[in-house]
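S.K.: Submitted below is the structure of interest, expressed as structure tokens.
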Amino acid sequence: SLNENRDWFDIKRYVIDVTPNYDAKSIVGVVSWKAIAVKPSKQIQIDLQIPLVIDSVLLWSNTKENLTPIRLQFTRSNNIAIAQIEKQIPKGQVFGLTIFYHGVPKEAIRPPWDGGWIWKKDANGQPWMSVACQGLGASVWYPCKDHQSDEPEEGAQLTIQVPKDKNLIAIGNGRKVGESNLINLSNNNRFSWQVTNPINNYNIIPYIGDYVGWKETYKGLKGKLDVSYWVLRSDSAKAVEQFKQVPKMLEAFEYWFGPYPFYEDGYQLVQSPHLGMEHQSAIAYGNKYMNGYLGRDLSGSGWGLKWDYIIIHESGHEWFANNISTKDIADMWVHEGFKSYSETLYTEYFHGKKAGDE
């Protein structure tokens, strides 16, 4: 819940740089916050779940007399750290934190139902990694203000570093803003992605694997929408056929709900090492290229096998959960309730009102 150490500032932007080590199941990272003070304070809460370790915290003040960062002292108690700020930050002041951290993050045992980092291998034995953290919170893998009421209004950038010799692709939310395969001291490839829209903490997610991708353009209510697909190399043939449902999903939901909310960031559907999740502008897909819910009709009506549950359900969350988000996780019924109803609306759009009712 919010308290005096985390309600005095508003997060504006996250910049995340993470390097996973597949063999050790560990990560090393650095995260920068851009924030603004909504009231004065001299201490700040940083959320990062154990056993991850905070190495150091730097404060950047947007003033002429403070052009160099100040190293902050902090104390750690379970999943939070409280950093002390020597000179009070006044109301209206823009400031930044840079947090260096490392460790072995909690591993998700049954994602997405429980949260954490996911370490798997694909059918060809290649590393396949991602994160699922709805409910448990994004602080399970990066330091943040882990409360659903505070989305970074200026978006977020995620840079993922992966070993060059593994031939892996790293995908994040939004649009790719940088890629480097230059040999450096760590011999990593760097992939940088960015969203410009506000985004829930738990929606900022890396996908790392032996991916192949393709693109198309959807002519929607706000013009041309860039649509991208990323799947494991071995599943590309099945994916091309199954993902033909995406333009139909966009057609139906733009009819009922208005324009896709994130034209600026595009739409991506990414094969994930778990069933699925509504990761904004990079929807996680793991329904094994079957209609229904893993081939089953949850409605018992027969209509549920006419479409892929994960494509429809998780993509619909772009409107209800990502664009319209509750401030308190206790009200997640809003996200899931409207989304369940939208499955009925999708069915009605293509098969008629009687089918929707059934």
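Residue names in the structure tokens use chain letters A, B, ... in the order shown, residue numbers from 1 in each chain, and ligand numbers from 1 in the order shown.
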Do you know which residues are at most 9 Å from Asp357 (chain A) counting only C-alpha atoms, after dropping those on the same chain fewer than 2 positions away, and could you put them as a compact mmCIF listing (two decimals) with N, CA and C atoms, in the first residue's frame?
M.R.:
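The resulting part_4.txt:
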```
# COMPACT_ATOMS: atom_id res chain seq x y z
N THR A 344 -17.56 -12.31 -25.40
CA THR A 344 -18.93 -12.41 -25.91
C THR A 344 -19.16 -11.44 -27.06
N THR A 347 -17.54 -12.71 -30.22
CA THR A 347 -18.35 -13.77 -30.81
C THR A 347 -19.57 -13.19 -31.51
N GLU A 348 -20.23 -12.22 -30.87
CA GLU A 348 -21.41 -11.59 -31.47
C GLU A 348 -21.06 -10.87 -32.77
N GLY A 352 -23.01 -13.34 -34.69
CA GLY A 352 -24.37 -12.92 -34.39
C GLY A 352 -24.69 -12.91 -32.91
N LYS A 353 -25.79 -12.22 -32.59
CA LYS A 353 -26.14 -12.01 -31.19
C LYS A 353 -26.51 -13.32 -30.49
N LYS A 354 -27.18 -14.22 -31.21
CA LYS A 354 -27.55 -15.50 -30.60
C LYS A 354 -26.30 -16.26 -30.16
N ALA A 355 -25.27 -16.27 -31.01
CA ALA A 355 -24.01 -16.95 -30.65
C ALA A 355 -23.37 -16.29 -29.44
```
S.K.: Quick one: everything within 9 Å of region 134-150 of chain A, counting only C-alpha atoms, minus sequence neighbours fewer than 6 positions away in the same chain. Send it as a ChimeraX atom specification.
M.R.: /A:1-2,6,10-12,14,16,18,27,29-31,33,45-50,52,54,79,99-101,105-106,112-117,200-205,277,325-329
S.K.: Name the residues of region 253-315 of chain A that come out as strand (DSSP E) in a backbone DSSP run; write them as a list in words.
M.R.: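 Matching residues, listed in order: Tyr267, Gln268, Leu269, Val270, Gln271, Gly276, Met277, Ile283, Ala284 and Tyr285 of chain A.
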S.K.: Residues as selected, C-alpha atoms, written as a CSV table (one decimal), in the first residue's frame, can you do that?
M.R.:
```
chain,number,residue,atom,x,y,z
A,267,TYR,CA,1.0,-4.1,-31.5
A,268,GLN,CA,3.2,-7.2,-31.0
A,269,LEU,CA,2.2,-10.8,-30.4
A,270,VAL,CA,5.1,-12.7,-28.9
A,271,GLN,CA,5.3,-16.4,-28.2
A,276,GLY,CA,-0.3,-15.7,-21.9
A,277,MET,CA,-0.5,-12.2,-20.4
A,283,ILE,CA,1.1,-9.5,-25.8
A,284,ALA,CA,2.4,-12.9,-24.5
A,285,TYR,CA,1.1,-15.9,-26.4
```
S.K.: Mind the document's chain letters and residue numbers, and return as an mmCIF file with C-alpha atoms, in the first residue's frame the residues of region 121-356 of chain A that DSSP labels helix (DSSP H, G or I).
M.R.:
```cif
data_model
loop_
_atom_site.group_PDB
_atom_site.id
_atom_site.type_symbol
_atom_site.label_atom_id
_atom_site.label_comp_id
_atom_site.auth_asym_id
_atom_site.auth_seq_id
_atom_site.Cartn_x
_atom_site.Cartn_y
_atom_site.Cartn_z
ATOM 1 C CA ALA A 138 7.406 -6.031 -11.176
ATOM 2 C CA SER A 139 9.806 -5.559 -8.273
ATOM 3 C CA VAL A 140 10.387 -9.306 -8.493
ATOM 4 C CA LYS A 164 26.376 -13.161 -28.700
ATOM 5 C CA ASP A 165 27.305 -16.829 -29.093
ATOM 6 C CA LYS A 166 23.754 -18.035 -28.281
ATOM 7 C CA ASN A 201 4.917 -1.872 -14.133
ATOM 8 C CA TYR A 202 3.988 -5.536 -14.541
ATOM 9 C CA ASN A 203 3.556 -5.078 -18.296
ATOM 10 C CA ARG A 233 11.891 -20.624 -35.128
ATOM 11 C CA SER A 234 10.456 -24.158 -34.965
ATOM 12 C CA ASP A 235 6.856 -22.891 -34.714
ATOM 13 C CA SER A 236 6.841 -20.282 -37.475
ATOM 14 C CA ALA A 237 4.694 -22.266 -39.945
ATOM 15 C CA LYS A 238 1.903 -22.883 -37.415
ATOM 16 C CA ALA A 239 2.087 -19.296 -36.198
ATOM 17 C CA VAL A 240 1.585 -17.720 -39.622
ATOM 18 C CA GLU A 241 -1.762 -19.493 -39.951
ATOM 19 C CA GLN A 242 -2.976 -19.039 -36.355
ATOM 20 C CA GLN A 245 -6.882 -14.014 -36.196
ATOM 21 C CA VAL A 246 -5.142 -10.832 -35.049
ATOM 22 C CA PRO A 247 -6.589 -8.495 -37.721
ATOM 23 C CA LYS A 248 -10.037 -9.946 -36.981
ATOM 24 C CA MET A 249 -9.526 -9.221 -33.281
ATOM 25 C CA LEU A 250 -8.531 -5.644 -34.074
ATOM 26 C CA GLU A 251 -11.556 -5.208 -36.331
ATOM 27 C CA ALA A 252 -14.013 -6.408 -33.701
ATOM 28 C CA PHE A 253 -12.537 -4.575 -30.734
ATOM 29 C CA GLU A 254 -12.086 -1.299 -32.590
ATOM 30 C CA TYR A 255 -15.769 -1.590 -33.514
ATOM 31 C CA TRP A 256 -16.861 -2.087 -29.902
ATOM 32 C CA PHE A 257 -14.272 -0.109 -27.935
ATOM 33 C CA TRP A 303 -18.506 -21.040 -30.020
ATOM 34 C CA GLY A 304 -15.393 -20.919 -27.855
ATOM 35 C CA LEU A 305 -13.604 -23.140 -30.367
ATOM 36 C CA TYR A 309 -8.701 -17.661 -26.457
ATOM 37 C CA ILE A 310 -5.308 -16.121 -25.705
ATOM 38 C CA ILE A 311 -5.201 -13.919 -28.816
ATOM 39 C CA ILE A 312 -8.669 -12.562 -28.061
ATOM 40 C CA HIS A 313 -8.562 -12.411 -24.264
ATOM 41 C CA GLU A 314 -5.071 -11.030 -23.719
ATOM 42 C CA SER A 315 -5.248 -8.588 -26.644
ATOM 43 C CA GLY A 316 -8.561 -7.277 -25.372
ATOM 44 C CA ILE A 329 -4.994 -4.315 -7.527
ATOM 45 C CA ALA A 330 -8.027 -5.164 -5.369
ATOM 46 C CA ASP A 331 -10.153 -3.952 -8.292
ATOM 47 C CA MET A 332 -8.672 -6.296 -10.890
ATOM 48 C CA TRP A 333 -12.219 -7.581 -11.437
ATOM 49 C CA VAL A 334 -12.680 -4.499 -13.622
ATOM 50 C CA HIS A 335 -9.918 -5.660 -15.963
ATOM 51 C CA GLU A 336 -11.028 -9.292 -16.059
ATOM 52 C CA GLY A 337 -14.770 -8.658 -15.978
ATOM 53 C CA PHE A 338 -14.825 -6.344 -18.975
ATOM 54 C CA LYS A 339 -12.405 -8.642 -20.774
ATOM 55 C CA SER A 340 -14.586 -11.698 -20.227
ATOM 56 C CA TYR A 341 -17.526 -9.733 -21.583
ATOM 57 C CA SER A 342 -15.489 -8.716 -24.623
ATOM 58 C CA GLU A 343 -15.146 -12.402 -25.563
ATOM 59 C CA THR A 344 -18.929 -12.415 -25.907
ATOM 60 C CA LEU A 345 -18.826 -9.218 -27.952
ATOM 61 C CA TYR A 346 -16.175 -10.706 -30.260
ATOM 62 C CA THR A 347 -18.351 -13.770 -30.814
ATOM 63 C CA GLU A 348 -21.409 -11.589 -31.470
ATOM 64 C CA TYR A 349 -19.510 -9.432 -33.977
ATOM 65 C CA PHE A 350 -18.593 -12.378 -36.215
ATOM 66 C CA HIS A 351 -21.342 -14.931 -35.483
ATOM 67 C CA LYS A 353 -26.141 -12.013 -31.190
ATOM 68 C CA LYS A 354 -27.548 -15.498 -30.601
ATOM 69 C CA ALA A 355 -24.012 -16.952 -30.646
ATOM 70 C CA GLY A 356 -22.837 -14.236 -28.291
#
```
S.K.: Find the residue from A:Lys306, A:His279, A:Arg175, A:Arg296 that sits nearest to Gly266 (chain A); use only C-alpha atoms when measuring.
M.R.: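 Under the stated criterion, the closest residue is A:Arg175.
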S.K.: Using only C-alpha atoms, can you tell me which of A:Ala156, A:Ile36, A:Ile324, A:Val162 comes closest to Leu97 (chain A)?
M.R.: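 Of A:Ala156, A:Ile36, A:Ile324, A:Val162, the one nearest Leu97 (chain A), counting only C-alpha atoms, is A:Ile36.
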S.K.: For Arg13 (chain A), please output as a ChimeraX atom specification all residues within 9 Å (counting only C-alpha atoms; exclusion window: fewer than 6 positions along the same chain).
M.R.: /A:32-35,151-157,198
